[in-house]
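Engineer: Could you have a look at this structure, given as structure tokens, before my questions?
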Amino acid sequence: MGSGAPLLNDYKQDFFWKRFPQTLLGGQKLRLGYDAPAYVYINQLLLFVFPWVIGGVFTAVVELTTLDVSVGYYSVGGIVAAFVLIAQLVSFVVRRRGATVTRLDIQNVLAEDDEVDFESCCGIETMEFVLPGKKYAANIVIHALLSGLMCGYGFWYLVPQTLNTLYSSNIAATVLLYIFGWLTLCIAQYSLTVAPPPEPATFRTQDVYEITPLMRPFYVYGFMTFDLVARFYTTFLGVNQVLHVVFIFLPLFWMLGLLPPLDALFPWLAEQVLVLALGGSPAAGDIRLLVMLLLSCSVVVITYFLPTSLAMVVFSACCGYVLSLDLGSLGTQLLHRCRSSPNPCRRDKKEREETNAVINTGFGWGWTWRELLAHLLMLGVAAAVATVCSYFSEPVNTTVRYALGYTLIALLVILKVLQNMQSVYVCFGLVRNPFFPGSAQRTGLFKKRKQILGYIGYIYRILSTAVTPLLMLAYTALYIAPSGLSVNTFILAVAVTRALRVVWQRMTSALLELVVVFIITIVLPTNTWWNSLGLGLQLMLVGASRDRFFQLCNKLYFALTILVTSWTEKKQRRKDTVAVIVLNLVFLPVVLAVVVVAALLSAPLLPLFTYPLFLFGFPRPMRSWPGPVGSSANVCPDTMYYRQVAAAFSKALTRAFSVGSLGDPEPGCHYLVRYQDRSMWVQVLERGHGFCTVSIKGLELQETSCHTVEAARVDDMFELAFERDGHSVCGVNSHVFNTLLPRDAQLVNTYSDARNVLTGIIDSHDNLKQLTSDFTKTLVWVFLHHNAKKDYSNHKEAVSKQDVVSTERDAHSRTALVHPVDEELSEGYRSQPASRKQSFSGSLPEWSDDDSDIFEMETLGDRNQNKVRLAAGLSAKKQAAKLSAATPVPSVPGTIDDEDSLFKELDGIGLPATDLGTKPQQKSMAVSGFPEPATQAYKPPVNLSGSLKFTSPYSSALSLPLKWRDIPIEPSRLDRHMDKFPKDWYNHVLSLLDLSVNGKTSREIYEAISADDVLTGIYARLVVACYAVVNVLGLSGGDAASMGASHVYKVYTEDIPWSPDLDWLLEDPQLFHLVIKAYRYAVKLMYDQGSLGPVEGEDELVEYLQEYDRDWYIGCEKDPQWEQAVLQGKPNLFSLGYDPAQGAYTGRVLTQQEVVAHIGQLSGEAVRGQWASLSLELLYFTNDDEERYSIQAHPVLLRNLTVQAADPPLGYPVYSSQATGVPVF
């Protein structure tokens, strides 16, 4: 694969050679995709050389006459400034008056900006091509002034008088520096006159504030500023000479992309000052970085003005502890509270904006009174230790120093041993840890072994979070400010501030630095320069050396890995691989110099196209990307699963970081997490006392062939490390040179994903017949529970407040209150004014069509209000029949259930009443608990669409709304299918409802309601009507079972076969969704019976449906409710799908459970180097070829996964969290 993949294909090579002259010469477009008129090139050359011509003329005048240099300085600057201003104004006027440029019909999209149809020398198209306008009009004046100032001082900087003074009248040096110096000056100035060239050093993909034109002039100003200082301080004469020579190489540096753009330079400088000089940590964003830098500098300034060393030490110790805390999360928390608003619309918008936020609760996950109290307590202890040790620092003898020093050495060794005992590999990843569990899949044994290691982890936590920092604080406070130290007071203030902060900010690094300083101090003689520096400067020097040394080692490893694997990995070999390896060996000193410079600058080592052609990339912040963390991701349907697992996994990170199983999570560390078929990427952004700020990214689940190769290697490495059943617990890591080092395995509560082909289940004729039977049962279940959950508790409250009729009234007086009415009156009422309708609205319970809990899928017994208790079996059902409530029993017979029915009752008074004592004959039950086949279909009473005459005073609470009863299907058509209505199942479900009210037990009320033929009739007609619409009326006389699996899939996905009566179902979204819900229950029941066996009895069926309500979401993956169920942590999810490639129906089951997540640590320098190469390749070379060499699978470097984990638009993670503070206590 690799041998045939090009580094840069022919098309991109042509594009590169068109861009390269622009980069080299500052923006001149000297090569186009076709032959351009000569005046296009001439205009560009005139704009380019104009400052040089003016500078040359005044140089000759100054050298040949007595004209003062300052006159030439002002003259050249003024002329160039006026020239740039006039040129831009002319371009602005011409473009305002002209028309739009006509583009050629070309195929090269990336060259569209260059291929123009030129018409004249001064035409609008020529002017836009040669002198494009500025984005902001103010920049016309600003850039003109900057051009004049730069060229004016550049004249003084390069005038022969200056060069002769610097180089003792060396003519050759003067001539060379003058020529190439003015060339550099013109290249830098051209971006101000015209537009910036394409820069290899690009940090942000879009130049929103038009900063790029200032990049090259900025570096020129830097050289000139130093020259101005050197004119007044002759001690810098030698440095000024060197810088004049370096000045002429600036075009080479710009061309290679070695100098950072301004939007990367300043954050990088701030980060280096904060880390190396002030003892801080790289920040997770630019705002955090700026705030921490200002706070740290303020502490230094205050420390500088403190009068005594005691005050200096105590104040620095207290501020060092406070600044090492997670102040970024505190600021974010306060900002969110300030922005919070009671406006619900605004709150919803805020929640949508923070969908990638990881939210957890518990100690350390936010700032509450508990965290404040704990930090105040530790702050008091730190202040007391610093005060006591600083106060008694003078009389302390060497014995105490040696005792503390050797104790720190012992702590360093102990902490390292305890840390390695938590990880799967020890001895730099060479040997497997014998104390680590032998298998992560045997969950019980794994938990026991991890619990034992957890006890060791508690010791590590205590030593690392409290004991070691306090001992280091004591040692530092004793010797940080001895008397007689010949060090500048301000430098001493910086050193003291850094030393007393770093013990909290980076405990492990600070301990190593302190041990190294102690060893050097006791080894060297007392009268050396080392002892004259003082402990603060010693720690600062050792800290900077430690940081750069570790970077150098990691960069050497990265370079060696790329060089070796370019040959050892067969798919990475190319025809020129041998030649490239030989060149690296021949120019080994140059390669080493590049690596050393990259380490000194803390810049990424950049392998061009990830091939062994090494450069050092421009310095940039440690986080590698400019935008806010988690601001963008390639959102897809898989994103929801990473959003769900991010919170649970962050808790696992807390456990791992706290015990040290993942090493020292310093900023710049990267971790790869693998569980099942999913991969997550964790980047450490910031580290302090008790916290670690990370970014969690989710990689795509649908892996390409390249992803599969690398994912397979990752799985093999994790299996070798964590699954040792049948092998020796102590083994050797055979992948020791891989960029990934397995560290730990953690149990994470997330979804396990199972996909099954339903062949043999969904296409079975017997199963389909059973599905049609189960569908009516699930309809009864859904309708009864929906209505009971919705209305019955309201009805209980209503009847408890109203004692309308005494309990002594007989059945005849009760039944006389309600009567059937004519349909004409019902129609007449619909035309009545709203005021007349509303006059009766206060005395009757209303039916609300709003039900926000349709898809909530939880057993009604789990609700505290408006609930229905569902029995979990036969015994539970008997107990439910004995439950009672505290509200009084009403003597009201039947209740009219809607306002329309009230007016209907005004007609038809005097019709015969129904005898309450008459009970419908019960069907015989089969042995299994299901009713035997009926010999005669159940026929409900007619006229169920208007006002209803209930025979029970409690039936109205379970009644159906009028529009559900107003079924447009002819009764004769429904009667044909009335045998489908499972009346015994209806009574059984009814008996499980919590109907107790006012001293009446649920059983007593059930017996009264079950005998109500009117209530049973409206449910029977609704169930049969819904069944007919779904399974009969739209099938053109066919049978649902004979239609096969396609009919099941269509109805499951809400595509019910059309019939004229379907509109009645679709007009009511609530009814439609309940029918779909019932059908999906029936499909899931068919799936369970096909997998686990048939249902035996009604009690088992109840248990199934209770579990569906409580623990399942049954729907489609594309439903919005599916995502809501995943994010809310629904225990189980089921969906029915179709695979057109295989022509098979599939079932997908997500089950929330503890899943083993394997965690490995990646080489931070390998990741930074590959991301730097990716940035150069895509933003400058525009090499987006999907088959390019740099994106091919690399099992050692994991190149494809690394590219995917980059921030968009260069990478494509499907999920990226915000900066998340993980507590490490």
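By order of appearance in the structure tokens: chains A, B, ..., then residues from 1 within every chain, and ligands from 1 in the order shown.
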Within 8 Å of region 612-621 of chain A, counting only C-alpha atoms, which residues show up once you throw out same-chain ones fewer than 3 positions away? Write them as a ChimeraX atom specification, please.

Structural biologist: /A:201,257-260,264-265,267-268,271,282,559,562-563,566,580-581,584,591,594-595,597-598,601-608,624-625,1172

Engineer: Can you write out the residues you just picked, keeping C-alpha atoms, as an mmCIF file, in the first residue's frame?

Structural biologist:
data_model
loop_
_atom_site.group_PDB
_atom_site.id
_atom_site.type_symbol
_atom_site.label_atom_id
_atom_site.label_comp_id
_atom_site.auth_asym_id
_atom_site.auth_seq_id
_atom_site.Cartn_x
_atom_site.Cartn_y
_atom_site.Cartn_z
ATOM 1 C CA ALA A 201 3.687 28.340 8.879
ATOM 2 C CA GLY A 257 7.899 27.628 7.759
ATOM 3 C CA LEU A 258 10.276 27.758 10.731
ATOM 4 C CA LEU A 259 9.096 31.073 12.156
ATOM 5 C CA PRO A 260 5.682 30.991 13.838
ATOM 6 C CA ALA A 264 0.986 31.125 17.480
ATOM 7 C CA LEU A 265 4.050 33.129 18.557
ATOM 8 C CA PRO A 267 0.653 32.125 23.017
ATOM 9 C CA TRP A 268 3.847 30.084 22.733
ATOM 10 C CA GLU A 271 3.295 29.526 27.729
ATOM 11 C CA PRO A 282 0.241 25.108 29.812
ATOM 12 C CA ALA A 559 12.846 10.329 14.466
ATOM 13 C CA ILE A 562 10.124 6.901 11.438
ATOM 14 C CA LEU A 563 13.536 6.157 9.978
ATOM 15 C CA SER A 566 10.249 3.262 6.669
ATOM 16 C CA VAL A 580 16.635 8.613 2.019
ATOM 17 C CA ILE A 581 18.012 6.421 4.822
ATOM 18 C CA ASN A 584 20.003 10.648 6.886
ATOM 19 C CA VAL A 591 19.586 15.717 11.532
ATOM 20 C CA VAL A 594 17.456 19.798 13.748
ATOM 21 C CA VAL A 595 16.246 17.584 16.593
ATOM 22 C CA VAL A 597 16.856 22.912 17.894
ATOM 23 C CA ALA A 598 13.304 21.539 17.942
ATOM 24 C CA LEU A 601 12.418 25.706 21.052
ATOM 25 C CA SER A 602 9.805 23.218 22.317
ATOM 26 C CA ALA A 603 8.680 22.937 18.713
ATOM 27 C CA PRO A 604 7.384 19.761 17.078
ATOM 28 C CA LEU A 605 9.778 17.669 15.014
ATOM 29 C CA LEU A 606 8.202 17.728 11.573
ATOM 30 C CA PRO A 607 8.734 14.722 9.265
ATOM 31 C CA LEU A 608 7.721 15.966 5.826
ATOM 32 C CA SER A 624 -1.317 22.152 19.098
ATOM 33 C CA TRP A 625 -4.591 23.740 17.905
ATOM 34 C CA ALA A 1172 2.476 19.424 12.512
#

Engineer: So that I can see what lies close to region 1188-1191 of chain A, please list as a list in words the residues with an atom at most 10 Å from it, counting only C-alpha atoms and leaving out residues fewer than 5 positions away in the same chain.

Structural biologist: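 My reading of the contact set: Met1, Gly2, Ser3, Gly4, Ala5, Pro6, Leu7, Leu8, Asn9, Gln572, Arg574, Leu608, Phe609, Thr610, Tyr611, Cys706, Gln1170, Ser1173, Leu1174, Glu1177, Asn1183, Leu1198, Arg1199, Asn1200, Leu1201, Thr1202, Val1203 and Gln1204 of chain A.
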
Engineer: Residues at most 10 Å from Lys1118 (chain A), counting only C-alpha atoms, excluding those fewer than 3 positions away in the same chain, as a VMD selection string?

Structural biologist: chain A and resid 637 1053 1115 1121 to 1123 1135

Engineer: Just N, CA, C and O atoms for this one: save the residues we selected as an mmCIF file, in the first residue's frame.

Structural biologist:
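The resulting file, part.cif, is shown below:
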data_model
loop_
_atom_site.group_PDB
_atom_site.id
_atom_site.type_symbol
_atom_site.label_atom_id
_atom_site.label_comp_id
_atom_site.auth_asym_id
_atom_site.auth_seq_id
_atom_site.Cartn_x
_atom_site.Cartn_y
_atom_site.Cartn_z
ATOM 1 N N PRO A 637 -24.469 10.169 13.604
ATOM 2 C CA PRO A 637 -25.287 9.395 14.553
ATOM 3 C C PRO A 637 -24.498 8.699 15.649
ATOM 4 O O PRO A 637 -25.046 8.394 16.710
ATOM 5 N N THR A 1053 -41.285 1.142 11.307
ATOM 6 C CA THR A 1053 -40.670 2.434 10.975
ATOM 7 C C THR A 1053 -41.710 3.494 10.635
ATOM 8 O O THR A 1053 -41.424 4.436 9.909
ATOM 9 N N GLY A 1115 -37.450 1.471 19.432
ATOM 10 C CA GLY A 1115 -37.736 2.404 18.349
ATOM 11 C C GLY A 1115 -36.732 2.256 17.227
ATOM 12 O O GLY A 1115 -36.161 1.181 16.998
ATOM 13 N N GLN A 1121 -35.930 10.446 19.832
ATOM 14 C CA GLN A 1121 -36.051 9.841 21.156
ATOM 15 C C GLN A 1121 -34.970 8.802 21.408
ATOM 16 O O GLN A 1121 -34.639 8.506 22.553
ATOM 17 N N TRP A 1122 -34.421 8.223 20.343
ATOM 18 C CA TRP A 1122 -33.330 7.254 20.511
ATOM 19 C C TRP A 1122 -32.110 7.947 21.126
ATOM 20 O O TRP A 1122 -31.507 7.437 22.071
ATOM 21 N N GLU A 1123 -31.765 9.106 20.585
ATOM 22 C CA GLU A 1123 -30.632 9.845 21.137
ATOM 23 C C GLU A 1123 -30.913 10.280 22.570
ATOM 24 O O GLU A 1123 -30.032 10.213 23.433
ATOM 25 N N SER A 1135 -33.694 -1.748 18.270
ATOM 26 C CA SER A 1135 -34.120 -1.190 16.992
ATOM 27 C C SER A 1135 -34.145 -2.289 15.952
ATOM 28 O O SER A 1135 -33.388 -3.266 16.038
#

Engineer: Using only C-alpha atoms, which residues sit within 10 Å of Leu514 (chain A) once same-chain residues fewer than 6 positions away are excluded, as a count of residues only?

Structural biologist: 15

Engineer: I need the residues of region 976-1154 of chain A that end up classed as strand (DSSP E) by DSSP on the backbone, written out as a PyMOL selection string.

Structural biologist: chain A and resi 1112-1115+1132-1139+1144-1154

Engineer: Using N, CA and C atoms, can you write the selected residues to a file as a short mmCIF file (atom, residue, chain, number, x, y, z; two decimals), in the first residue's frame?

Structural biologist:
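Result file is again-v9.cif:
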data_model
loop_
_atom_site.label_atom_id
_atom_site.label_comp_id
_atom_site.auth_asym_id
_atom_site.auth_seq_id
_atom_site.Cartn_x
_atom_site.Cartn_y
_atom_site.Cartn_z
N TRP A 1112 -36.54 -0.26 28.79
CA TRP A 1112 -36.26 -0.33 27.35
C TRP A 1112 -36.74 0.91 26.63
N TYR A 1113 -35.99 1.27 25.60
CA TYR A 1113 -36.53 2.14 24.56
C TYR A 1113 -36.55 1.32 23.28
N ILE A 1114 -37.71 1.17 22.70
CA ILE A 1114 -37.88 0.35 21.51
C ILE A 1114 -38.30 1.29 20.39
N GLY A 1115 -37.45 1.47 19.43
CA GLY A 1115 -37.74 2.40 18.35
C GLY A 1115 -36.73 2.26 17.23
N ASN A 1132 -31.66 -0.30 28.33
CA ASN A 1132 -31.62 -1.11 27.13
C ASN A 1132 -32.31 -0.37 25.99
N LEU A 1133 -31.84 -0.63 24.77
CA LEU A 1133 -32.45 -0.06 23.58
C LEU A 1133 -32.52 -1.14 22.51
N PHE A 1134 -33.60 -1.10 21.73
CA PHE A 1134 -33.77 -2.07 20.65
C PHE A 1134 -34.22 -1.35 19.40
N SER A 1135 -33.69 -1.75 18.27
CA SER A 1135 -34.12 -1.19 16.99
C SER A 1135 -34.15 -2.29 15.95
N LEU A 1136 -35.03 -2.12 15.00
CA LEU A 1136 -35.15 -3.04 13.87
C LEU A 1136 -34.62 -2.34 12.63
N GLY A 1137 -33.74 -3.01 11.92
CA GLY A 1137 -33.11 -2.41 10.74
C GLY A 1137 -33.13 -3.36 9.56
N TYR A 1138 -32.69 -2.81 8.43
CA TYR A 1138 -32.62 -3.60 7.19
C TYR A 1138 -31.30 -3.32 6.51
N ASP A 1139 -30.59 -4.39 6.17
CA ASP A 1139 -29.30 -4.28 5.50
C ASP A 1139 -29.51 -4.57 4.02
N ALA A 1144 -31.13 -8.59 4.39
CA ALA A 1144 -31.57 -9.23 5.63
C ALA A 1144 -31.99 -8.17 6.62
N TYR A 1145 -32.93 -8.56 7.47
CA TYR A 1145 -33.39 -7.69 8.55
C TYR A 1145 -32.54 -7.96 9.78
N THR A 1146 -32.21 -6.89 10.50
CA THR A 1146 -31.30 -7.00 11.65
C THR A 1146 -31.95 -6.40 12.88
N GLY A 1147 -31.56 -6.92 14.01
CA GLY A 1147 -31.97 -6.36 15.29
C GLY A 1147 -30.76 -5.87 16.04
N ARG A 1148 -30.84 -4.66 16.55
CA ARG A 1148 -29.74 -4.08 17.30
C ARG A 1148 -30.17 -3.88 18.74
N VAL A 1149 -29.37 -4.42 19.67
CA VAL A 1149 -29.67 -4.32 21.09
C VAL A 1149 -28.52 -3.63 21.78
N LEU A 1150 -28.79 -2.51 22.44
CA LEU A 1150 -27.81 -1.81 23.26
C LEU A 1150 -28.14 -2.08 24.73
N THR A 1151 -27.17 -2.57 25.46
CA THR A 1151 -27.36 -2.89 26.87
C THR A 1151 -26.33 -2.15 27.69
N GLN A 1152 -26.80 -1.39 28.66
CA GLN A 1152 -25.88 -0.64 29.51
C GLN A 1152 -25.30 -1.56 30.58
N GLN A 1153 -24.00 -1.66 30.60
CA GLN A 1153 -23.32 -2.52 31.54
C GLN A 1153 -21.88 -2.07 31.68
N GLU A 1154 -21.16 -2.70 32.58
CA GLU A 1154 -19.75 -2.38 32.77
C GLU A 1154 -18.93 -3.04 31.67
#

Engineer: What gap, in Å, lies between CA of Arg506 (chain A) and CA of His689 (chain A)?

Structural biologist: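 Between these atoms lies a distance of 7.4 Å.
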
Engineer: Would you mind reading off the distance between CA of Ser991 (chain A) and CA of Val1029 (chain A), one decimal, in Å?

Structural biologist: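 It comes out at 28.1 Å.
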
Engineer: Neighbours of Asp1061 (chain A) within 8 Å (only C-alpha atoms; same-chain residues fewer than 2 positions away dropped), as a PDB file with N, CA and C atoms, in the first residue's frame?

Structural biologist:
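Final output, saved to out-v2.pdb:
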ATOM      1  N   PRO A 968     -64.193   6.369  12.132  1.00  0.00           N
ATOM      2  CA  PRO A 968     -64.912   6.479  10.852  1.00  0.00           C
ATOM      3  C   PRO A 968     -65.142   5.139  10.163  1.00  0.00           C
ATOM      4  N   ILE A 969     -64.648   4.069  10.692  1.00  0.00           N
ATOM      5  CA  ILE A 969     -64.808   2.761  10.060  1.00  0.00           C
ATOM      6  C   ILE A 969     -66.204   2.222  10.353  1.00  0.00           C
ATOM      7  N   VAL A1029     -56.591  -0.990  10.852  1.00  0.00           N
ATOM      8  CA  VAL A1029     -55.867  -0.007  10.035  1.00  0.00           C
ATOM      9  C   VAL A1029     -54.438  -0.476   9.757  1.00  0.00           C
ATOM     10  N   LEU A1033     -56.773  -3.231   6.605  1.00  0.00           N
ATOM     11  CA  LEU A1033     -57.405  -2.355   5.623  1.00  0.00           C
ATOM     12  C   LEU A1033     -56.462  -1.913   4.508  1.00  0.00           C
ATOM     13  N   SER A1059     -54.556   3.371   3.542  1.00  0.00           N
ATOM     14  CA  SER A1059     -55.963   3.069   3.318  1.00  0.00           C
ATOM     15  C   SER A1059     -56.728   4.350   3.609  1.00  0.00           C
ATOM     16  N   ASP A1063     -56.099   8.064   7.557  1.00  0.00           N
ATOM     17  CA  ASP A1063     -56.087   9.492   7.903  1.00  0.00           C
ATOM     18  C   ASP A1063     -56.618   9.718   9.312  1.00  0.00           C
ATOM     19  N   TRP A1064     -57.601   8.902   9.723  1.00  0.00           N
ATOM     20  CA  TRP A1064     -58.138   9.044  11.092  1.00  0.00           C
ATOM     21  C   TRP A1064     -57.033   8.809  12.127  1.00  0.00           C
ATOM     22  N   LEU A1065     -56.166   7.880  11.832  1.00  0.00           N
ATOM     23  CA  LEU A1065     -55.085   7.581  12.777  1.00  0.00           C
ATOM     24  C   LEU A1065     -54.006   8.659  12.734  1.00  0.00           C
TER      25      LEU A1065
END

Engineer: Skip Tyr153 (chain A) itself and residues of its chain fewer than 3 positions away, then list as an NGL selection string all residues within 10 Å of it, counting only C-alpha atoms.

Structural biologist: :A and (70 or 72-74 or 76-77 or 148-150 or 156-159 or 221 or 224-225 or 228)

Engineer: Which residue is closest to Asp744 (chain A)? Choose from A:Ser1175, A:Ser679, A:Asn433, A:Thr526 and count only C-alpha atoms.

Structural biologist: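 The answer is A:Asn433, which sits nearest to Asp744 (chain A).
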
Engineer: Would you compute the distance between CA of Ile480 (chain A) and CA of Ile414 (chain A)? Give it in Å to one decimal.

Structural biologist: 25.5 Å

Engineer: Excluding Gly457 (chain A) and any residue of its chain fewer than 2 positions from it, enumerate the residues within 9 Å of it, using only C-alpha atoms, and give them as a ChimeraX atom specification.

Structural biologist: /A:418-419,421-422,452-455,459-462,658-661

Engineer: Can you work out which one of A:Leu974, A:Cys1116, A:Leu214, A:Leu779 has the shortest atom-to-atom distance to Ala1082 (chain A), counting only C-alpha atoms?

Structural biologist: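 The closest residue to Ala1082 (chain A) is A:Leu779.
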
Engineer: Between A:Ile42, A:Ala357, A:Leu415, A:Ala1025, which residue has the minimum interatomic distance to Thr776 (chain A), considering only C-alpha atoms?

Structural biologist: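 Residue with the minimum atom-to-atom distance to Thr776 (chain A): A:Ala1025.
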
Engineer: Of the candidates A:Ser972, A:Asn998, A:Gln644, A:Ser959, which shows the shortest atom-to-atom distance to Thr1016 (chain A), using only C-alpha atoms?

Structural biologist: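 Closest residue, counting only C-alpha atoms: A:Ser959.
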